[in-house]
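Since the structure comes first, as C-alpha cells, the remarks are kept for the end.
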Amino acid sequence: MAAPSSPERTEQRRGQRLLFVAVLFAVLLNFPFLGVFNHDARLAGIPVLYLYVLLIWALLVLLTGWLVKAKL
C-alpha cells in the first residue's frame, strides 16, 4: 500500500479537523452546556441562552470557513 501523496494527506487532515470541529460544536450545543446558560439573566436585553447559541454558531461558521480556506 503506497503512502498518500501530499495533497491527499492535506485533504485527509482537513477532513479530520472538520470532523473534530463538528463533534466539538455538537458537544457545545448539547444539554450540559446549554443548561448552564438556561436561566433568566439577560445581557444587553438579550437572554443569555440566546446569546450563547448565537456566539457558538458564529464561531462555528468562522472556524469552518477558516479551515476550508486555509492551506494546511
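We label chains A, B, ... in the order they appear in the C-alpha cells, count residues from 1 in each chain, and number ligands from 1 in the order shown.
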Using 12 Å as the limit and counting only C-alpha atoms, can you tabulate each residue of range 1-30 of chain A that touches range 53-69 of chain A, with its shortest atom-to-atom distance in Å and the two atoms involved, as CSV?
```
residue,atom,partner,partner_atom,distance
A:Thr10,CA,A:Val68,CA,11.2
A:Glu11,CA,A:Val68,CA,9.8
A:Arg13,CA,A:Leu67,CA,10.3
A:Arg14,CA,A:Leu67,CA,7.0
A:Gly15,CA,A:Val68,CA,9.2
A:Gln16,CA,A:Leu67,CA,10.6
A:Arg17,CA,A:Leu67,CA,7.7
A:Leu18,CA,A:Thr64,CA,6.9
A:Leu19,CA,A:Thr64,CA,10.1
A:Phe20,CA,A:Thr64,CA,10.6
A:Val21,CA,A:Thr64,CA,7.5
A:Ala22,CA,A:Leu60,CA,8.3
A:Val23,CA,A:Leu60,CA,11.0
A:Leu24,CA,A:Leu60,CA,9.4
A:Phe25,CA,A:Leu60,CA,7.0
A:Ala26,CA,A:Leu60,CA,10.2
A:Val27,CA,A:Ile56,CA,11.0
A:Leu28,CA,A:Ile56,CA,7.7
A:Leu29,CA,A:Val53,CA,7.2
A:Asn30,CA,A:Val53,CA,10.4
```
Per DSSP on the backbone, what are the strand (DSSP E or B) residues of chain A, as a PyMOL selection string?
-> chain A and resi 42-43+46-47
Same residues, all heavy atoms, saved as a CSV table (one decimal), in the first residue's frame:
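The result, written out as out37.csv:
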```
chain,number,residue,atom,x,y,z
A,42,ARG,N,-30.2,38.4,31.6
A,42,ARG,CA,-30.1,39.0,30.3
A,42,ARG,C,-28.8,39.8,30.3
A,42,ARG,O,-28.4,40.4,31.2
A,42,ARG,CB,-31.3,39.9,30.1
A,42,ARG,CG,-32.6,39.1,29.9
A,42,ARG,CD,-33.8,40.0,29.7
A,42,ARG,NE,-35.0,39.3,29.6
A,42,ARG,CZ,-35.5,38.9,28.4
A,42,ARG,NH1,-34.9,39.3,27.3
A,42,ARG,NH2,-36.6,38.2,28.4
A,43,LEU,N,-28.3,39.9,29.1
A,43,LEU,CA,-27.1,40.7,28.8
A,43,LEU,C,-27.4,41.6,27.7
A,43,LEU,O,-27.7,41.2,26.6
A,43,LEU,CB,-25.9,39.8,28.5
A,43,LEU,CG,-24.6,40.5,28.3
A,43,LEU,CD1,-24.1,41.1,29.7
A,43,LEU,CD2,-23.5,39.5,27.9
A,46,ILE,N,-30.7,40.8,26.0
A,46,ILE,CA,-30.8,39.5,25.2
A,46,ILE,C,-30.6,38.4,26.2
A,46,ILE,O,-29.7,38.4,27.0
A,46,ILE,CB,-29.7,39.4,24.2
A,46,ILE,CG1,-29.8,40.6,23.2
A,46,ILE,CG2,-29.8,38.1,23.4
A,46,ILE,CD1,-28.6,40.7,22.3
A,47,PRO,N,-31.5,37.4,26.2
A,47,PRO,CA,-31.4,36.3,27.1
A,47,PRO,C,-30.0,35.6,26.9
A,47,PRO,O,-29.5,35.5,25.8
A,47,PRO,CB,-32.5,35.3,26.7
A,47,PRO,CG,-33.5,36.2,26.1
A,47,PRO,CD,-32.8,37.3,25.4
```
Proximity to Tyr52 in chain A - best of A:Asn38, A:Lys71, A:Phe31, A:Ser6, only C-alpha atoms =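 Among the listed residues, A:Asn38 lies closest to Tyr52 in chain A.
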Residues of chain A in alpha helix (DSSP H) according to DSSP, as a compact mmCIF listing (two decimals) with all heavy atoms, in the first residue's frame?
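Output file result-v7.txt is given in full below:
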```txt
# COMPACT_ATOMS: atom_id res chain seq x y z
N SER A 6 1.15 14.22 -0.91
CA SER A 6 0.98 15.42 -0.09
C SER A 6 -0.42 16.04 -0.21
O SER A 6 -1.01 16.36 0.82
CB SER A 6 2.06 16.44 -0.44
OG SER A 6 1.94 17.56 0.38
N PRO A 7 -0.97 16.26 -1.42
CA PRO A 7 -2.34 16.83 -1.47
C PRO A 7 -3.37 15.92 -0.83
O PRO A 7 -4.31 16.39 -0.19
CB PRO A 7 -2.61 16.99 -2.96
CG PRO A 7 -1.27 17.03 -3.61
CD PRO A 7 -0.38 16.18 -2.75
N GLU A 8 -3.21 14.61 -0.97
CA GLU A 8 -4.16 13.68 -0.34
C GLU A 8 -4.05 13.76 1.18
O GLU A 8 -5.06 13.71 1.88
CB GLU A 8 -3.89 12.25 -0.81
CG GLU A 8 -4.24 12.02 -2.27
CD GLU A 8 -3.83 10.63 -2.75
OE1 GLU A 8 -3.32 9.85 -1.92
OE2 GLU A 8 -4.01 10.36 -3.93
N ARG A 9 -2.83 13.86 1.68
CA ARG A 9 -2.64 13.98 3.13
C ARG A 9 -3.25 15.27 3.66
O ARG A 9 -3.86 15.29 4.73
CB ARG A 9 -1.15 13.95 3.49
CG ARG A 9 -0.65 12.57 3.77
CD ARG A 9 0.77 12.62 4.17
NE ARG A 9 0.84 12.84 5.61
CZ ARG A 9 1.96 12.78 6.29
NH1 ARG A 9 3.10 12.53 5.69
NH2 ARG A 9 1.97 12.97 7.58
N THR A 10 -3.07 16.34 2.89
CA THR A 10 -3.63 17.63 3.31
C THR A 10 -5.15 17.54 3.39
O THR A 10 -5.74 18.01 4.37
CB THR A 10 -3.21 18.74 2.32
OG1 THR A 10 -1.79 18.79 2.27
CG2 THR A 10 -3.75 20.08 2.73
N GLU A 11 -5.78 16.94 2.40
CA GLU A 11 -7.23 16.80 2.41
C GLU A 11 -7.69 15.89 3.54
O GLU A 11 -8.72 16.14 4.17
CB GLU A 11 -7.73 16.27 1.06
CG GLU A 11 -7.64 17.27 -0.05
CD GLU A 11 -8.44 18.53 0.23
OE1 GLU A 11 -9.59 18.42 0.72
OE2 GLU A 11 -7.91 19.62 -0.01
N GLN A 12 -6.93 14.85 3.82
CA GLN A 12 -7.28 13.95 4.91
C GLN A 12 -7.20 14.68 6.25
O GLN A 12 -8.10 14.55 7.08
CB GLN A 12 -6.37 12.73 4.90
CG GLN A 12 -6.73 11.70 5.94
CD GLN A 12 -5.81 10.49 5.91
OE1 GLN A 12 -4.76 10.53 5.29
NE2 GLN A 12 -6.21 9.44 6.56
N ARG A 13 -6.15 15.45 6.44
CA ARG A 13 -6.01 16.21 7.70
C ARG A 13 -7.11 17.25 7.83
O ARG A 13 -7.63 17.47 8.91
CB ARG A 13 -4.63 16.87 7.76
CG ARG A 13 -3.53 15.84 7.95
CD ARG A 13 -2.19 16.48 8.02
NE ARG A 13 -2.09 17.17 9.31
CZ ARG A 13 -1.17 18.08 9.57
NH1 ARG A 13 -0.30 18.43 8.65
NH2 ARG A 13 -1.13 18.66 10.75
N ARG A 14 -7.45 17.91 6.71
CA ARG A 14 -8.53 18.90 6.75
C ARG A 14 -9.85 18.22 7.13
O ARG A 14 -10.61 18.75 7.94
CB ARG A 14 -8.66 19.58 5.39
CG ARG A 14 -9.76 20.63 5.38
CD ARG A 14 -9.85 21.38 4.08
NE ARG A 14 -8.68 22.23 3.98
CZ ARG A 14 -8.04 22.49 2.84
NH1 ARG A 14 -8.45 21.97 1.72
NH2 ARG A 14 -7.00 23.29 2.83
N GLY A 15 -10.10 17.05 6.57
CA GLY A 15 -11.31 16.31 6.90
C GLY A 15 -11.35 15.93 8.37
O GLY A 15 -12.39 16.01 9.01
N GLN A 16 -10.21 15.52 8.91
CA GLN A 16 -10.14 15.18 10.33
C GLN A 16 -10.41 16.40 11.20
O GLN A 16 -11.11 16.32 12.21
CB GLN A 16 -8.78 14.58 10.66
CG GLN A 16 -8.56 13.21 10.08
CD GLN A 16 -7.14 12.71 10.28
OE1 GLN A 16 -6.24 13.46 10.67
NE2 GLN A 16 -6.92 11.44 9.98
N ARG A 17 -9.86 17.53 10.81
CA ARG A 17 -10.08 18.76 11.59
C ARG A 17 -11.53 19.20 11.52
O ARG A 17 -12.10 19.64 12.52
CB ARG A 17 -9.16 19.86 11.09
CG ARG A 17 -7.73 19.61 11.49
CD ARG A 17 -6.81 20.69 11.01
NE ARG A 17 -5.48 20.43 11.52
CZ ARG A 17 -4.38 20.73 10.89
NH1 ARG A 17 -4.43 21.31 9.71
NH2 ARG A 17 -3.20 20.47 11.43
N LEU A 18 -12.15 19.08 10.35
CA LEU A 18 -13.56 19.45 10.23
C LEU A 18 -14.45 18.50 11.04
O LEU A 18 -15.44 18.94 11.64
CB LEU A 18 -13.98 19.46 8.76
CG LEU A 18 -13.44 20.63 7.94
CD1 LEU A 18 -13.75 20.41 6.46
CD2 LEU A 18 -14.01 21.95 8.42
N LEU A 19 -14.10 17.24 11.07
CA LEU A 19 -14.84 16.29 11.90
C LEU A 19 -14.70 16.64 13.38
O LEU A 19 -15.68 16.63 14.13
CB LEU A 19 -14.35 14.86 11.65
CG LEU A 19 -15.03 13.77 12.47
CD1 LEU A 19 -16.52 13.71 12.14
CD2 LEU A 19 -14.37 12.43 12.20
N PHE A 20 -13.49 17.01 13.80
CA PHE A 20 -13.27 17.43 15.19
C PHE A 20 -14.12 18.66 15.52
O PHE A 20 -14.74 18.73 16.58
CB PHE A 20 -11.79 17.72 15.44
CG PHE A 20 -11.53 18.31 16.79
CD1 PHE A 20 -11.56 17.51 17.92
CD2 PHE A 20 -11.28 19.66 16.94
CE1 PHE A 20 -11.34 18.04 19.17
CE2 PHE A 20 -11.06 20.21 18.18
CZ PHE A 20 -11.08 19.40 19.30
N VAL A 21 -14.16 19.63 14.61
CA VAL A 21 -14.95 20.84 14.83
C VAL A 21 -16.43 20.49 14.95
O VAL A 21 -17.13 21.01 15.82
CB VAL A 21 -14.71 21.86 13.70
CG1 VAL A 21 -15.72 22.98 13.73
CG2 VAL A 21 -13.30 22.42 13.80
N ALA A 22 -16.92 19.59 14.11
CA ALA A 22 -18.33 19.19 14.17
C ALA A 22 -18.66 18.53 15.51
O ALA A 22 -19.68 18.85 16.13
CB ALA A 22 -18.64 18.24 13.02
N VAL A 23 -17.79 17.66 15.98
CA VAL A 23 -18.02 16.99 17.26
C VAL A 23 -17.94 18.00 18.41
O VAL A 23 -18.77 17.98 19.33
CB VAL A 23 -17.02 15.82 17.46
CG1 VAL A 23 -17.09 15.28 18.86
CG2 VAL A 23 -17.29 14.73 16.44
N LEU A 24 -16.96 18.89 18.35
CA LEU A 24 -16.82 19.91 19.39
C LEU A 24 -18.07 20.76 19.50
O LEU A 24 -18.59 20.98 20.60
CB LEU A 24 -15.60 20.80 19.09
CG LEU A 24 -15.43 22.01 20.01
CD1 LEU A 24 -15.10 21.55 21.42
CD2 LEU A 24 -14.35 22.93 19.47
N PHE A 25 -18.59 21.22 18.38
CA PHE A 25 -19.76 22.07 18.43
C PHE A 25 -21.03 21.29 18.76
O PHE A 25 -21.95 21.84 19.34
CB PHE A 25 -19.90 22.87 17.15
CG PHE A 25 -18.94 24.03 17.14
CD1 PHE A 25 -17.72 23.93 16.50
CD2 PHE A 25 -19.23 25.20 17.81
CE1 PHE A 25 -16.82 24.97 16.52
CE2 PHE A 25 -18.34 26.25 17.84
CZ PHE A 25 -17.13 26.15 17.19
N ALA A 26 -21.07 20.00 18.45
CA ALA A 26 -22.20 19.18 18.88
C ALA A 26 -22.21 19.09 20.41
O ALA A 26 -23.27 19.13 21.03
CB ALA A 26 -22.11 17.79 18.26
N VAL A 27 -21.04 18.99 21.00
CA VAL A 27 -20.94 18.95 22.45
C VAL A 27 -21.31 20.31 23.05
O VAL A 27 -22.06 20.39 24.02
CB VAL A 27 -19.52 18.52 22.89
CG1 VAL A 27 -19.31 18.73 24.38
CG2 VAL A 27 -19.28 17.07 22.52
N LEU A 28 -20.80 21.38 22.46
CA LEU A 28 -21.08 22.72 22.99
C LEU A 28 -22.55 23.12 22.88
O LEU A 28 -23.03 23.95 23.64
CB LEU A 28 -20.22 23.76 22.28
CG LEU A 28 -18.73 23.74 22.61
CD1 LEU A 28 -17.98 24.73 21.74
CD2 LEU A 28 -18.50 24.03 24.08
N PHE A 31 -26.95 19.42 26.00
CA PHE A 31 -27.54 19.76 27.28
C PHE A 31 -26.61 20.32 28.35
O PHE A 31 -26.91 21.38 28.89
CB PHE A 31 -28.32 18.58 27.87
CG PHE A 31 -28.74 18.85 29.29
CD1 PHE A 31 -29.73 19.79 29.53
CD2 PHE A 31 -28.14 18.25 30.35
CE1 PHE A 31 -30.11 20.09 30.83
CE2 PHE A 31 -28.51 18.54 31.64
CZ PHE A 31 -29.50 19.46 31.88
N PRO A 32 -25.53 19.70 28.71
CA PRO A 32 -24.80 20.25 29.87
C PRO A 32 -24.40 21.72 29.69
O PRO A 32 -24.52 22.51 30.62
CB PRO A 32 -23.57 19.37 30.00
CG PRO A 32 -23.93 18.10 29.32
CD PRO A 32 -24.89 18.48 28.23
N PHE A 33 -23.97 22.09 28.51
CA PHE A 33 -23.56 23.48 28.29
C PHE A 33 -24.77 24.39 28.14
O PHE A 33 -24.76 25.52 28.65
CB PHE A 33 -22.66 23.58 27.06
CG PHE A 33 -21.30 23.01 27.30
CD1 PHE A 33 -20.98 21.75 26.83
CD2 PHE A 33 -20.35 23.70 28.02
CE1 PHE A 33 -19.74 21.20 27.06
CE2 PHE A 33 -19.10 23.16 28.27
CZ PHE A 33 -18.79 21.90 27.79
N LEU A 34 -25.80 23.92 27.47
CA LEU A 34 -27.00 24.75 27.34
C LEU A 34 -27.66 24.96 28.71
O LEU A 34 -28.22 26.02 28.97
CB LEU A 34 -27.99 24.12 26.36
CG LEU A 34 -27.57 24.13 24.90
CD1 LEU A 34 -28.61 23.42 24.06
CD2 LEU A 34 -27.34 25.54 24.40
N GLY A 35 -27.59 23.95 29.56
CA GLY A 35 -28.18 24.07 30.89
C GLY A 35 -27.51 25.13 31.74
O GLY A 35 -28.15 25.78 32.58
N VAL A 36 -26.23 25.34 31.54
CA VAL A 36 -25.50 26.36 32.29
C VAL A 36 -26.05 27.75 31.96
O VAL A 36 -26.13 28.62 32.83
CB VAL A 36 -23.99 26.29 31.97
CG1 VAL A 36 -23.24 27.49 32.52
CG2 VAL A 36 -23.40 25.00 32.48
N PHE A 37 -26.43 27.98 30.71
CA PHE A 37 -26.86 29.29 30.28
C PHE A 37 -28.38 29.45 30.28
O PHE A 37 -28.89 30.50 29.89
CB PHE A 37 -26.32 29.58 28.88
CG PHE A 37 -24.83 29.66 28.85
CD1 PHE A 37 -24.06 28.57 28.45
CD2 PHE A 37 -24.17 30.81 29.26
CE1 PHE A 37 -22.68 28.64 28.43
CE2 PHE A 37 -22.80 30.90 29.26
CZ PHE A 37 -22.05 29.82 28.85
N VAL A 48 -29.38 35.21 28.00
CA VAL A 48 -28.03 34.65 27.96
C VAL A 48 -27.98 33.38 27.10
O VAL A 48 -27.02 33.18 26.36
CB VAL A 48 -27.52 34.37 29.39
CG1 VAL A 48 -26.15 33.73 29.37
CG2 VAL A 48 -27.48 35.65 30.19
N LEU A 49 -29.00 32.56 27.17
CA LEU A 49 -29.03 31.33 26.37
C LEU A 49 -29.01 31.65 24.87
O LEU A 49 -28.26 31.04 24.11
CB LEU A 49 -30.26 30.49 26.70
CG LEU A 49 -30.43 29.20 25.90
CD1 LEU A 49 -29.27 28.26 26.16
CD2 LEU A 49 -31.74 28.53 26.22
N TYR A 50 -29.81 32.62 24.45
CA TYR A 50 -29.83 33.00 23.03
C TYR A 50 -28.48 33.56 22.60
O TYR A 50 -28.00 33.26 21.51
CB TYR A 50 -30.90 34.06 22.77
CG TYR A 50 -32.33 33.59 22.94
CD1 TYR A 50 -33.38 34.47 22.79
CD2 TYR A 50 -32.63 32.27 23.24
CE1 TYR A 50 -34.69 34.06 22.94
CE2 TYR A 50 -33.94 31.85 23.39
CZ TYR A 50 -34.96 32.75 23.23
OH TYR A 50 -36.25 32.34 23.37
N LEU A 51 -27.89 34.36 23.46
CA LEU A 51 -26.58 34.94 23.15
C LEU A 51 -25.52 33.85 23.03
O LEU A 51 -24.69 33.87 22.11
CB LEU A 51 -26.20 35.94 24.23
CG LEU A 51 -25.03 36.86 23.94
CD1 LEU A 51 -25.29 37.69 22.70
CD2 LEU A 51 -24.78 37.76 25.14
N TYR A 52 -25.56 32.87 23.92
CA TYR A 52 -24.60 31.75 23.87
C TYR A 52 -24.75 30.97 22.56
O TYR A 52 -23.76 30.71 21.88
CB TYR A 52 -24.82 30.83 25.07
CG TYR A 52 -24.02 29.55 25.01
CD1 TYR A 52 -22.66 29.56 25.27
CD2 TYR A 52 -24.62 28.34 24.68
CE1 TYR A 52 -21.91 28.39 25.20
CE2 TYR A 52 -23.89 27.17 24.62
CZ TYR A 52 -22.54 27.20 24.88
OH TYR A 52 -21.80 26.04 24.80
N VAL A 53 -25.97 30.63 22.20
CA VAL A 53 -26.19 29.86 20.97
C VAL A 53 -25.75 30.67 19.76
O VAL A 53 -25.10 30.15 18.85
CB VAL A 53 -27.67 29.43 20.85
CG1 VAL A 53 -27.96 28.84 19.48
CG2 VAL A 53 -28.02 28.43 21.94
N LEU A 54 -26.05 31.95 19.72
CA LEU A 54 -25.66 32.80 18.61
C LEU A 54 -24.13 32.89 18.50
O LEU A 54 -23.57 32.78 17.41
CB LEU A 54 -26.25 34.20 18.76
CG LEU A 54 -25.87 35.20 17.68
CD1 LEU A 54 -26.45 34.78 16.34
CD2 LEU A 54 -26.33 36.59 18.05
N LEU A 55 -23.45 33.09 19.62
CA LEU A 55 -21.99 33.19 19.59
C LEU A 55 -21.33 31.87 19.19
O LEU A 55 -20.36 31.85 18.43
CB LEU A 55 -21.46 33.67 20.94
CG LEU A 55 -21.79 35.12 21.28
CD1 LEU A 55 -21.34 35.45 22.70
CD2 LEU A 55 -21.18 36.08 20.28
N ILE A 56 -21.85 30.75 19.68
CA ILE A 56 -21.30 29.44 19.32
C ILE A 56 -21.53 29.19 17.83
O ILE A 56 -20.63 28.71 17.12
CB ILE A 56 -21.94 28.32 20.17
CG1 ILE A 56 -21.48 28.45 21.61
CG2 ILE A 56 -21.60 26.95 19.63
CD1 ILE A 56 -19.98 28.27 21.82
N TRP A 57 -22.70 29.54 17.32
CA TRP A 57 -22.98 29.35 15.89
C TRP A 57 -22.04 30.21 15.04
O TRP A 57 -21.49 29.73 14.05
CB TRP A 57 -24.44 29.71 15.61
CG TRP A 57 -24.76 29.71 14.16
CD1 TRP A 57 -25.00 28.63 13.36
CD2 TRP A 57 -24.84 30.85 13.31
NE1 TRP A 57 -25.23 29.05 12.07
CE2 TRP A 57 -25.14 30.40 12.01
CE3 TRP A 57 -24.69 32.22 13.54
CZ2 TRP A 57 -25.29 31.27 10.95
CZ3 TRP A 57 -24.85 33.08 12.47
CH2 TRP A 57 -25.14 32.60 11.20
N ALA A 58 -21.85 31.47 15.43
CA ALA A 58 -20.95 32.36 14.67
C ALA A 58 -19.51 31.82 14.70
O ALA A 58 -18.82 31.83 13.69
CB ALA A 58 -21.00 33.77 15.24
N LEU A 59 -19.09 31.32 15.84
CA LEU A 59 -17.75 30.73 15.96
C LEU A 59 -17.62 29.50 15.07
O LEU A 59 -16.60 29.30 14.41
CB LEU A 59 -17.46 30.37 17.41
CG LEU A 59 -16.07 29.88 17.73
CD1 LEU A 59 -15.02 30.95 17.41
CD2 LEU A 59 -15.97 29.49 19.19
N LEU A 60 -18.67 28.70 15.00
CA LEU A 60 -18.67 27.52 14.13
C LEU A 60 -18.51 27.92 12.66
O LEU A 60 -17.70 27.35 11.93
CB LEU A 60 -19.96 26.72 14.31
CG LEU A 60 -20.24 25.60 13.31
CD1 LEU A 60 -19.19 24.51 13.44
CD2 LEU A 60 -21.62 25.05 13.49
N VAL A 61 -19.25 28.93 12.24
CA VAL A 61 -19.17 29.39 10.85
C VAL A 61 -17.77 29.92 10.54
O VAL A 61 -17.17 29.59 9.51
CB VAL A 61 -20.25 30.46 10.57
CG1 VAL A 61 -20.03 31.13 9.24
CG2 VAL A 61 -21.64 29.83 10.65
N LEU A 62 -17.23 30.75 11.43
CA LEU A 62 -15.90 31.32 11.21
C LEU A 62 -14.82 30.26 11.19
O LEU A 62 -13.94 30.26 10.31
CB LEU A 62 -15.60 32.37 12.28
CG LEU A 62 -16.42 33.65 12.20
CD1 LEU A 62 -16.16 34.52 13.42
CD2 LEU A 62 -16.09 34.40 10.94
N LEU A 63 -14.85 29.35 12.14
CA LEU A 63 -13.83 28.30 12.22
C LEU A 63 -13.91 27.36 11.02
O LEU A 63 -12.88 26.99 10.45
CB LEU A 63 -13.96 27.53 13.53
CG LEU A 63 -12.88 26.51 13.83
CD1 LEU A 63 -11.50 27.16 13.85
CD2 LEU A 63 -13.15 25.85 15.17
N THR A 64 -15.11 27.00 10.62
CA THR A 64 -15.27 26.13 9.46
C THR A 64 -14.78 26.82 8.20
O THR A 64 -14.07 26.23 7.38
CB THR A 64 -16.74 25.70 9.30
OG1 THR A 64 -17.17 25.05 10.50
CG2 THR A 64 -16.92 24.77 8.13
N GLY A 65 -15.13 28.08 8.03
CA GLY A 65 -14.65 28.82 6.86
C GLY A 65 -13.15 28.94 6.83
O GLY A 65 -12.52 28.78 5.78
N TRP A 66 -12.55 29.17 7.98
CA TRP A 66 -11.09 29.27 8.05
C TRP A 66 -10.44 27.94 7.71
O TRP A 66 -9.45 27.89 6.98
CB TRP A 66 -10.67 29.73 9.43
CG TRP A 66 -9.19 29.81 9.58
CD1 TRP A 66 -8.36 30.75 9.07
CD2 TRP A 66 -8.36 28.88 10.28
NE1 TRP A 66 -7.06 30.46 9.41
CE2 TRP A 66 -7.03 29.33 10.16
CE3 TRP A 66 -8.63 27.72 11.02
CZ2 TRP A 66 -5.97 28.65 10.73
CZ3 TRP A 66 -7.57 27.07 11.59
CH2 TRP A 66 -6.26 27.51 11.44
N LEU A 67 -10.98 26.84 8.22
CA LEU A 67 -10.41 25.53 7.94
C LEU A 67 -10.54 25.15 6.47
O LEU A 67 -9.65 24.52 5.91
CB LEU A 67 -11.08 24.46 8.80
CG LEU A 67 -10.62 24.37 10.23
CD1 LEU A 67 -11.46 23.37 11.01
CD2 LEU A 67 -9.16 24.00 10.33
N VAL A 68 -11.63 25.51 5.84
CA VAL A 68 -11.84 25.17 4.45
C VAL A 68 -10.92 25.99 3.54
O VAL A 68 -10.37 25.47 2.59
CB VAL A 68 -13.32 25.37 4.06
CG1 VAL A 68 -13.52 25.29 2.56
CG2 VAL A 68 -14.19 24.34 4.76
N LYS A 69 -10.71 27.27 3.86
CA LYS A 69 -9.87 28.13 3.03
C LYS A 69 -8.39 27.98 3.32
O LYS A 69 -7.57 28.24 2.45
CB LYS A 69 -10.27 29.58 3.22
CG LYS A 69 -11.53 29.94 2.52
CD LYS A 69 -11.71 31.43 2.51
CE LYS A 69 -12.76 31.76 1.49
NZ LYS A 69 -12.54 33.03 0.86
```
